[in-house]
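A short write-up of the structure that comes next.
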Amino acid sequence: MATPSIPTERYHSLDALRATMMSLGLVLHTAVNYMQAPAGGWPVKDPSTHVVFDLLYYFIHLFRMPVFFVSAGFFAALLYEKKGSREMLINRVKRVLIPLVLSFLLIIPLIRMSIRFTMNGGGTEGWTKAAEMLTSLNAFKNMHLGHLWFLYYLLLMYIATLAAIHLLRLIHTRIPFPRQITFAPNLFQTGALPLLFVLTFITLLPMPEAEIDTSVSLVPVPRILLAYAVFFVWVWLLYKQRFRLGYFQKHWLAYLISGLTLSMGYLSIRVGKIMIDPTYAHLPGKVLAAVATWLLVFASIGLFLRFFSKPNPVIRYLSDASYWMYLIHHPIVIVLTGLLTGFALSAVIKFSLVLAGTLLFCLLTYYLFVRSTFIGVLLNGRRFSRGLPQATPKPIQAAA
């Protein structure tokens with residue numbers, strides 16, 4: 001039986017998927033301010049809360065980063081296939097490591113100042129305390145990764161994957177891993193799908209909660225690295241059989257419905273107060289989280305392949321902007337939250353205002369200071385004109 005042809009067009013759908021997962025970070029970091037439950041380690045809390053933001057936060061957190069690591073792994077495999085390990089590393093240094101270092105030095109101190117502003121009630125007092133933090137250099141002491149943690153873990157996965165490839169080539173000189181590995185062709189016929197559920201469930205067992213943990217420490221946490229590596233390695237191995245991505249497109253609705261259904265069960269355990277014994281509910285929560293996460297990963301891939309495969313200037317522009325928006329949004333969210341804290345408004349209204357204001361600020365600064373400047377070259381790989389990109393009838397291979 002002939003092997004289906006592998007398309008060479010630009011992966012507009014997966015570009016949009018990666019950008020959407022990154023943009024959902026803005027929603028996540030806005031919702032956390034209005035949750036009823038305490039969010040571990042999150043310093044800002046508005047007195048107006050609503051359980052809908054607990055549900056929104058935990059639902060997005062369930063699948064957003066797994067989907068992101070899948071899309072990132074796909075484009076990393078694309079780079080490796082086209083240009084080899086050396087060029088791939090150079091590209092990742094330019095597009096991931098340098099933005100990470102610069103953001104760590106410039107944006108993390110701004111986040112700490114914005115927290116000081118908000119925790120001191122905003123207004124004049126808040127600005128004074130934030131300024132004191134800067135002038136005393138306290139904003140630069142004991143720094144952590146903050147919302148940049150996933151870029152750090154992504155770099156570690158790039159290095160570990162390439163190291164594993166070269167090590168296996170030394171051991172098995174006649175089997176150039178992963179180019180001749182055939183994991184994906186029987187992905188759905190050989191029972192590998194349940195294996196993915198089991199692998200993720202195992203990685204969830206050492207987590208303190210039902211979902212994958214997060215760490216902002218500069219010291220990598222092995223359990224977190226391993227949990228996301230399952231998604232990254234899976235799609236890397238799948239890349240050689242990427243014609244099978246059409247399977248997800250064909251069944252996206254079934255995956256979405258089943259994923260949402262299991263997510264409701266997971267959320268009832270994670271957020272709800274229905275369990276008498278939280279210890280007993282902990283294990284079923286991990287089972288539901290493991291299966292629901294993978295179903296939502298498959299649904300996300302299929303949905304974007306189904307509806308976003310054609311070039312669209314607006315979506316392309318927003319995809320280009322998403323990296324900058326994620327890097328810069330955090331202090332904006334916290335400052336806007338602080339400015340609204342004293343107003344007697346509902347949590348829904350405050351959330352909407354903060355999110356809208358953050359999006360407006362991020363898009364405006366991207367338009368004015370990023371898209372057509374050296375910052376845009378750093379983040380997007382090239383300098384764009386400020387207008388919408390032109391839709392081409394014959395799209396080219398995706399830039400990773």
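Each chain in the structure tokens gets a letter, A, B, ..., in the order shown, and its residues are numbered from 1; ligands are numbered from 1 in order too.
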
DSSP helix (DSSP H, G or I) residues within segment 51-253 of chain A, listed as a PyMOL selection string: chain A and resi 51-119+123-135+138-140+146-171+192-204+222-250+252-253

Mind dumping a table of every segment 11-101 of chain A residue within 9 Å of segment 328-352 of chain A, with the nearest atom pair and its distance in Å to one decimal, using only C-alpha atoms, sorted by chain and rising number, as a tab-separated table?
residue	atom	partner	partner_atom	distance
A:Gly25	CA	A:His329	CA	8.8
A:Leu26	CA	A:His329	CA	6.7
A:Val27	CA	A:Phe351	CA	8.9
A:His29	CA	A:His330	CA	7.3
A:Thr30	CA	A:Val333	CA	6.3
A:Ala31	CA	A:Phe351	CA	6.6
A:Asn33	CA	A:Thr337	CA	7.5
A:Tyr34	CA	A:Ala347	CA	6.1
A:Met35	CA	A:Ala347	CA	8.8
A:Val44	CA	A:Ile334	CA	7.4
A:Lys45	CA	A:Thr337	CA	8.6
A:Asp46	CA	A:Thr341	CA	5.8
A:Pro47	CA	A:Thr341	CA	7.2
A:Ser48	CA	A:Ala347	CA	4.9
A:Thr49	CA	A:Ala347	CA	5.2
A:His50	CA	A:Ala347	CA	6.2
A:Val52	CA	A:Val348	CA	8.8
A:Phe53	CA	A:Val348	CA	8.7

For those residues, write N, CA and C atoms to a file as an mmCIF file, in the first residue's frame.
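Output file selection35.cif follows:
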data_model
loop_
_atom_site.group_PDB
_atom_site.id
_atom_site.type_symbol
_atom_site.label_atom_id
_atom_site.label_comp_id
_atom_site.auth_asym_id
_atom_site.auth_seq_id
_atom_site.Cartn_x
_atom_site.Cartn_y
_atom_site.Cartn_z
ATOM 1 N N GLY A 25 -3.057 32.357 27.764
ATOM 2 C CA GLY A 25 -2.375 32.752 28.986
ATOM 3 C C GLY A 25 -2.891 34.065 29.534
ATOM 4 N N LEU A 26 -3.284 34.974 28.649
ATOM 5 C CA LEU A 26 -3.850 36.246 29.098
ATOM 6 C C LEU A 26 -5.171 36.022 29.824
ATOM 7 N N VAL A 27 -5.987 35.115 29.277
ATOM 8 C CA VAL A 27 -7.263 34.796 29.919
ATOM 9 C C VAL A 27 -7.020 34.134 31.271
ATOM 10 N N HIS A 29 -4.376 34.287 33.301
ATOM 11 C CA HIS A 29 -3.791 35.154 34.313
ATOM 12 C C HIS A 29 -4.700 36.314 34.694
ATOM 13 N N THR A 30 -5.757 36.514 33.929
ATOM 14 C CA THR A 30 -6.791 37.471 34.348
ATOM 15 C C THR A 30 -7.806 36.772 35.236
ATOM 16 N N ALA A 31 -8.205 35.573 34.864
ATOM 17 C CA ALA A 31 -9.208 34.826 35.634
ATOM 18 C C ALA A 31 -8.734 34.521 37.043
ATOM 19 N N ASN A 33 -7.268 36.184 39.173
ATOM 20 C CA ASN A 33 -7.482 37.274 40.127
ATOM 21 C C ASN A 33 -8.890 37.287 40.705
ATOM 22 N N TYR A 34 -9.813 36.578 40.062
ATOM 23 C CA TYR A 34 -11.217 36.632 40.468
ATOM 24 C C TYR A 34 -11.759 35.256 40.857
ATOM 25 N N MET A 35 -10.861 34.311 41.121
ATOM 26 C CA MET A 35 -11.265 32.994 41.587
ATOM 27 C C MET A 35 -11.698 33.032 43.046
ATOM 28 N N VAL A 44 -1.987 38.273 44.009
ATOM 29 C CA VAL A 44 -3.023 39.290 43.813
ATOM 30 C C VAL A 44 -4.396 38.655 43.948
ATOM 31 N N LYS A 45 -5.285 39.332 44.661
ATOM 32 C CA LYS A 45 -6.637 38.804 44.844
ATOM 33 C C LYS A 45 -7.614 39.962 44.962
ATOM 34 N N ASP A 46 -8.552 40.032 44.030
ATOM 35 C CA ASP A 46 -9.593 41.054 44.086
ATOM 36 C C ASP A 46 -10.713 40.568 45.011
ATOM 37 N N PRO A 47 -11.341 41.466 45.788
ATOM 38 C CA PRO A 47 -12.438 41.038 46.672
ATOM 39 C C PRO A 47 -13.655 40.526 45.917
ATOM 40 N N SER A 48 -13.809 40.916 44.665
ATOM 41 C CA SER A 48 -14.915 40.411 43.845
ATOM 42 C C SER A 48 -14.489 39.094 43.205
ATOM 43 N N THR A 49 -15.232 38.021 43.497
ATOM 44 C CA THR A 49 -14.896 36.703 42.964
ATOM 45 C C THR A 49 -16.150 36.018 42.440
ATOM 46 N N HIS A 50 -15.929 34.982 41.636
ATOM 47 C CA HIS A 50 -17.043 34.172 41.141
ATOM 48 C C HIS A 50 -16.506 32.796 40.778
ATOM 49 N N VAL A 52 -17.234 30.910 38.441
ATOM 50 C CA VAL A 52 -17.032 30.694 37.008
ATOM 51 C C VAL A 52 -15.565 30.847 36.639
ATOM 52 N N PHE A 53 -14.831 31.679 37.392
ATOM 53 C CA PHE A 53 -13.415 31.870 37.079
ATOM 54 C C PHE A 53 -12.558 30.735 37.629
#

Shell of 9 Å around Val271 of chain A, only C-alpha atoms, local chain residues under 5 positions omitted, as a PyMOL selection string: chain A and resi 37+51+54-55+58+266

Closest of A:Ala39, A:Leu168, A:Ile257, A:Ala76 to Val233 of chain A - atom-to-atom distances counting only C-alpha atoms: A:Ala76

Close residues, Phe140 of chain A itself excluded, 12 Å, only C-alpha atoms, min 5 positions apart in chain, as a ChimeraX atom specification: /A:104-113,133-135,145

Put those residues in a file: C-alpha atoms, as an mmCIF file, in the first residue's frame.
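Once everything was written out, this is out-v4.cif:
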data_model
loop_
_atom_site.group_PDB
_atom_site.id
_atom_site.type_symbol
_atom_site.label_atom_id
_atom_site.label_comp_id
_atom_site.auth_asym_id
_atom_site.auth_seq_id
_atom_site.Cartn_x
_atom_site.Cartn_y
_atom_site.Cartn_z
ATOM 1 C CA PHE A 104 13.662 37.640 32.525
ATOM 2 C CA LEU A 105 15.819 40.738 33.007
ATOM 3 C CA LEU A 106 13.242 43.336 31.932
ATOM 4 C CA ILE A 107 9.716 41.990 32.447
ATOM 5 C CA ILE A 108 10.038 39.954 35.661
ATOM 6 C CA PRO A 109 11.120 43.079 37.637
ATOM 7 C CA LEU A 110 8.106 44.916 36.162
ATOM 8 C CA ILE A 111 5.856 42.111 37.369
ATOM 9 C CA ARG A 112 7.235 42.378 40.884
ATOM 10 C CA MET A 113 6.702 46.130 40.838
ATOM 11 C CA MET A 133 11.133 48.785 44.921
ATOM 12 C CA LEU A 134 12.868 49.857 41.711
ATOM 13 C CA THR A 135 15.163 52.474 43.257
ATOM 14 C CA LEU A 145 10.915 32.677 36.003
#

Residue neighbourhood Ile98 of chain A, 12 Å, only C-alpha atoms, exclusion window fewer than 2 positions, as an MDAnalysis selection string: chainID A and resid 90:96 100:105 151:152 155 375 377:379

Can I get the selection written as an mmCIF file, in the first residue's frame, with N, CA and C atoms?
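To be explicit, this is the file written out as out.cif:
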data_model
loop_
_atom_site.group_PDB
_atom_site.id
_atom_site.type_symbol
_atom_site.label_atom_id
_atom_site.label_comp_id
_atom_site.auth_asym_id
_atom_site.auth_seq_id
_atom_site.Cartn_x
_atom_site.Cartn_y
_atom_site.Cartn_z
ATOM 1 N N ILE A 90 20.482 26.828 16.618
ATOM 2 C CA ILE A 90 20.713 28.257 16.376
ATOM 3 C C ILE A 90 19.387 28.998 16.316
ATOM 4 N N ASN A 91 18.417 28.404 15.610
ATOM 5 C CA ASN A 91 17.096 29.018 15.506
ATOM 6 C C ASN A 91 16.434 29.142 16.867
ATOM 7 N N ARG A 92 16.519 28.099 17.693
ATOM 8 C CA ARG A 92 15.885 28.129 19.012
ATOM 9 C C ARG A 92 16.582 29.099 19.962
ATOM 10 N N VAL A 93 17.882 29.260 19.807
ATOM 11 C CA VAL A 93 18.588 30.257 20.606
ATOM 12 C C VAL A 93 18.056 31.649 20.287
ATOM 13 N N LYS A 94 17.879 31.927 18.986
ATOM 14 C CA LYS A 94 17.399 33.247 18.569
ATOM 15 C C LYS A 94 15.952 33.483 18.986
ATOM 16 N N ARG A 95 15.118 32.468 18.823
ATOM 17 C CA ARG A 95 13.681 32.658 18.996
ATOM 18 C C ARG A 95 13.173 32.359 20.396
ATOM 19 N N VAL A 96 13.942 31.594 21.183
ATOM 20 C CA VAL A 96 13.470 31.213 22.517
ATOM 21 C C VAL A 96 14.431 31.682 23.610
ATOM 22 N N LEU A 100 13.816 34.802 26.153
ATOM 23 C CA LEU A 100 13.662 34.393 27.556
ATOM 24 C C LEU A 100 14.585 35.193 28.466
ATOM 25 N N VAL A 101 15.843 35.311 28.087
ATOM 26 C CA VAL A 101 16.806 36.031 28.922
ATOM 27 C C VAL A 101 16.425 37.511 29.035
ATOM 28 N N LEU A 102 16.110 38.138 27.903
ATOM 29 C CA LEU A 102 15.752 39.556 27.928
ATOM 30 C C LEU A 102 14.472 39.794 28.731
ATOM 31 N N SER A 103 13.484 38.916 28.558
ATOM 32 C CA SER A 103 12.233 39.066 29.306
ATOM 33 C C SER A 103 12.459 38.841 30.796
ATOM 34 N N PHE A 104 13.333 37.902 31.122
ATOM 35 C CA PHE A 104 13.662 37.640 32.525
ATOM 36 C C PHE A 104 14.274 38.876 33.179
ATOM 37 N N LEU A 105 15.136 39.570 32.455
ATOM 38 C CA LEU A 105 15.819 40.738 33.007
ATOM 39 C C LEU A 105 14.954 41.991 33.017
ATOM 40 N N LEU A 151 9.083 28.495 28.610
ATOM 41 C CA LEU A 151 10.153 28.675 27.631
ATOM 42 C C LEU A 151 11.431 27.992 28.111
ATOM 43 N N TYR A 152 11.675 28.069 29.389
ATOM 44 C CA TYR A 152 12.832 27.419 30.004
ATOM 45 C C TYR A 152 12.730 25.906 29.841
ATOM 46 N N LEU A 155 13.299 24.814 26.223
ATOM 47 C CA LEU A 155 14.720 24.758 25.864
ATOM 48 C C LEU A 155 15.367 23.472 26.366
ATOM 49 N N ILE A 375 12.693 44.144 17.421
ATOM 50 C CA ILE A 375 12.045 43.239 18.378
ATOM 51 C C ILE A 375 11.208 42.214 17.622
ATOM 52 N N VAL A 377 11.863 41.122 14.643
ATOM 53 C CA VAL A 377 12.816 40.185 14.053
ATOM 54 C C VAL A 377 13.204 39.128 15.081
ATOM 55 N N LEU A 378 13.419 39.558 16.318
ATOM 56 C CA LEU A 378 13.806 38.644 17.388
ATOM 57 C C LEU A 378 12.710 37.627 17.688
ATOM 58 N N LEU A 379 11.459 38.086 17.732
ATOM 59 C CA LEU A 379 10.357 37.215 18.129
ATOM 60 C C LEU A 379 9.783 36.415 16.971
#

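Interatomic distance, atom CA of Asp213 of chain A against atom CA of Ala192 of chain A: 24.8 Å.
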
Mind dumping a table of every segment 39-151 of chain A residue within 7 Å of segment 216-227 of chain A, with the nearest atom pair and its distance in Å to one decimal, using only C-alpha atoms, sorted by chain and rising number, as a Markdown table?
| residue | atom | partner | partner_atom | distance |
| --- | --- | --- | --- | --- |
| A:His144 | CA | A:Ser217 | CA | 5.6 |
| A:Leu145 | CA | A:Val216 | CA | 4.8 |
| A:Gly146 | CA | A:Val216 | CA | 5.2 |
| A:Trp149 | CA | A:Val216 | CA | 5.5 |

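One finds atom CA of Lys286 of chain A at 10.6 Å from atom CA of Val198 of chain A.
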
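Atom CA of Leu303 of chain A lies 27.7 Å from atom CA of Pro284 of chain A.
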
A:Tyr239, A:Phe117, A:Tyr153, A:Trp294 ranked by distance to Leu195 of chain A, top pick (using only C-alpha atoms): A:Trp294

Minimum-distance residue to Leu318 of chain A, chosen among A:Lys240, A:His12, A:His282, A:Lys141 (using only C-alpha atoms): A:His12

Nearest to Ser372 of chain A, chosen from A:Ala321, A:Met21, A:Ala163, A:Leu355, with only C-alpha atoms counted in the distances: A:Ala321

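Nearest to Val32 of chain A of all the residues A:Ile202, A:Leu283, A:Ile269, A:Val354 is A:Val354, based on only C-alpha atoms.
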
Residues near Leu162 of chain A, cut-off 9 Å, only C-alpha atoms, skip fewer than 5 positions along chain, as a PyMOL selection string: chain A and resi 85+157+167

Selection file, N, CA and C atoms, as a PDB file, in the first residue's frame:
ATOM      1  N   SER A  85      20.304  19.393  13.316  1.00  0.00           N
ATOM      2  CA  SER A  85      20.353  19.777  14.727  1.00  0.00           C
ATOM      3  C   SER A  85      21.054  21.115  14.957  1.00  0.00           C
ATOM      4  N   MET A 157      13.896  20.664  26.778  1.00  0.00           N
ATOM      5  CA  MET A 157      13.425  19.559  25.942  1.00  0.00           C
ATOM      6  C   MET A 157      14.139  19.527  24.599  1.00  0.00           C
ATOM      7  N   LEU A 167      22.925  10.361  20.930  1.00  0.00           N
ATOM      8  CA  LEU A 167      23.379   9.228  21.724  1.00  0.00           C
ATOM      9  C   LEU A 167      22.935   7.914  21.097  1.00  0.00           C
TER      10      LEU A 167
END

Residue nearest Leu154 of chain A - candidates A:Leu137, A:Ala130, A:Met65, A:Leu204, atoms counted: only C-alpha atoms: A:Met65

Could you list, as a CSV table (one decimal) with C-alpha atoms, in the first residue's frame, every residue within 10 Å of Gly376 of chain A, counting only C-alpha atoms and ignoring same-chain residues fewer than 4 positions away?
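Just written: around18.csv:
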chain,number,residue,atom,x,y,z
A,320,ASP,CA,2.6,36.9,14.9
A,321,ALA,CA,1.5,39.2,17.8
A,323,TYR,CA,4.5,35.9,21.4
A,324,TRP,CA,4.9,39.6,22.3
A,366,TYR,CA,3.0,45.3,19.1
A,367,TYR,CA,1.8,47.5,16.3
A,369,PHE,CA,7.1,49.1,18.8
A,370,VAL,CA,7.4,45.4,17.7
A,371,ARG,CA,6.1,44.3,14.4
A,372,SER,CA,8.3,46.4,12.1
A,380,ASN,CA,9.0,36.4,14.7
A,381,GLY,CA,12.2,35.8,12.7
A,382,ARG,CA,11.7,38.7,10.3
A,383,ARG,CA,10.5,42.3,10.1
A,384,PHE,CA,7.0,42.8,8.9
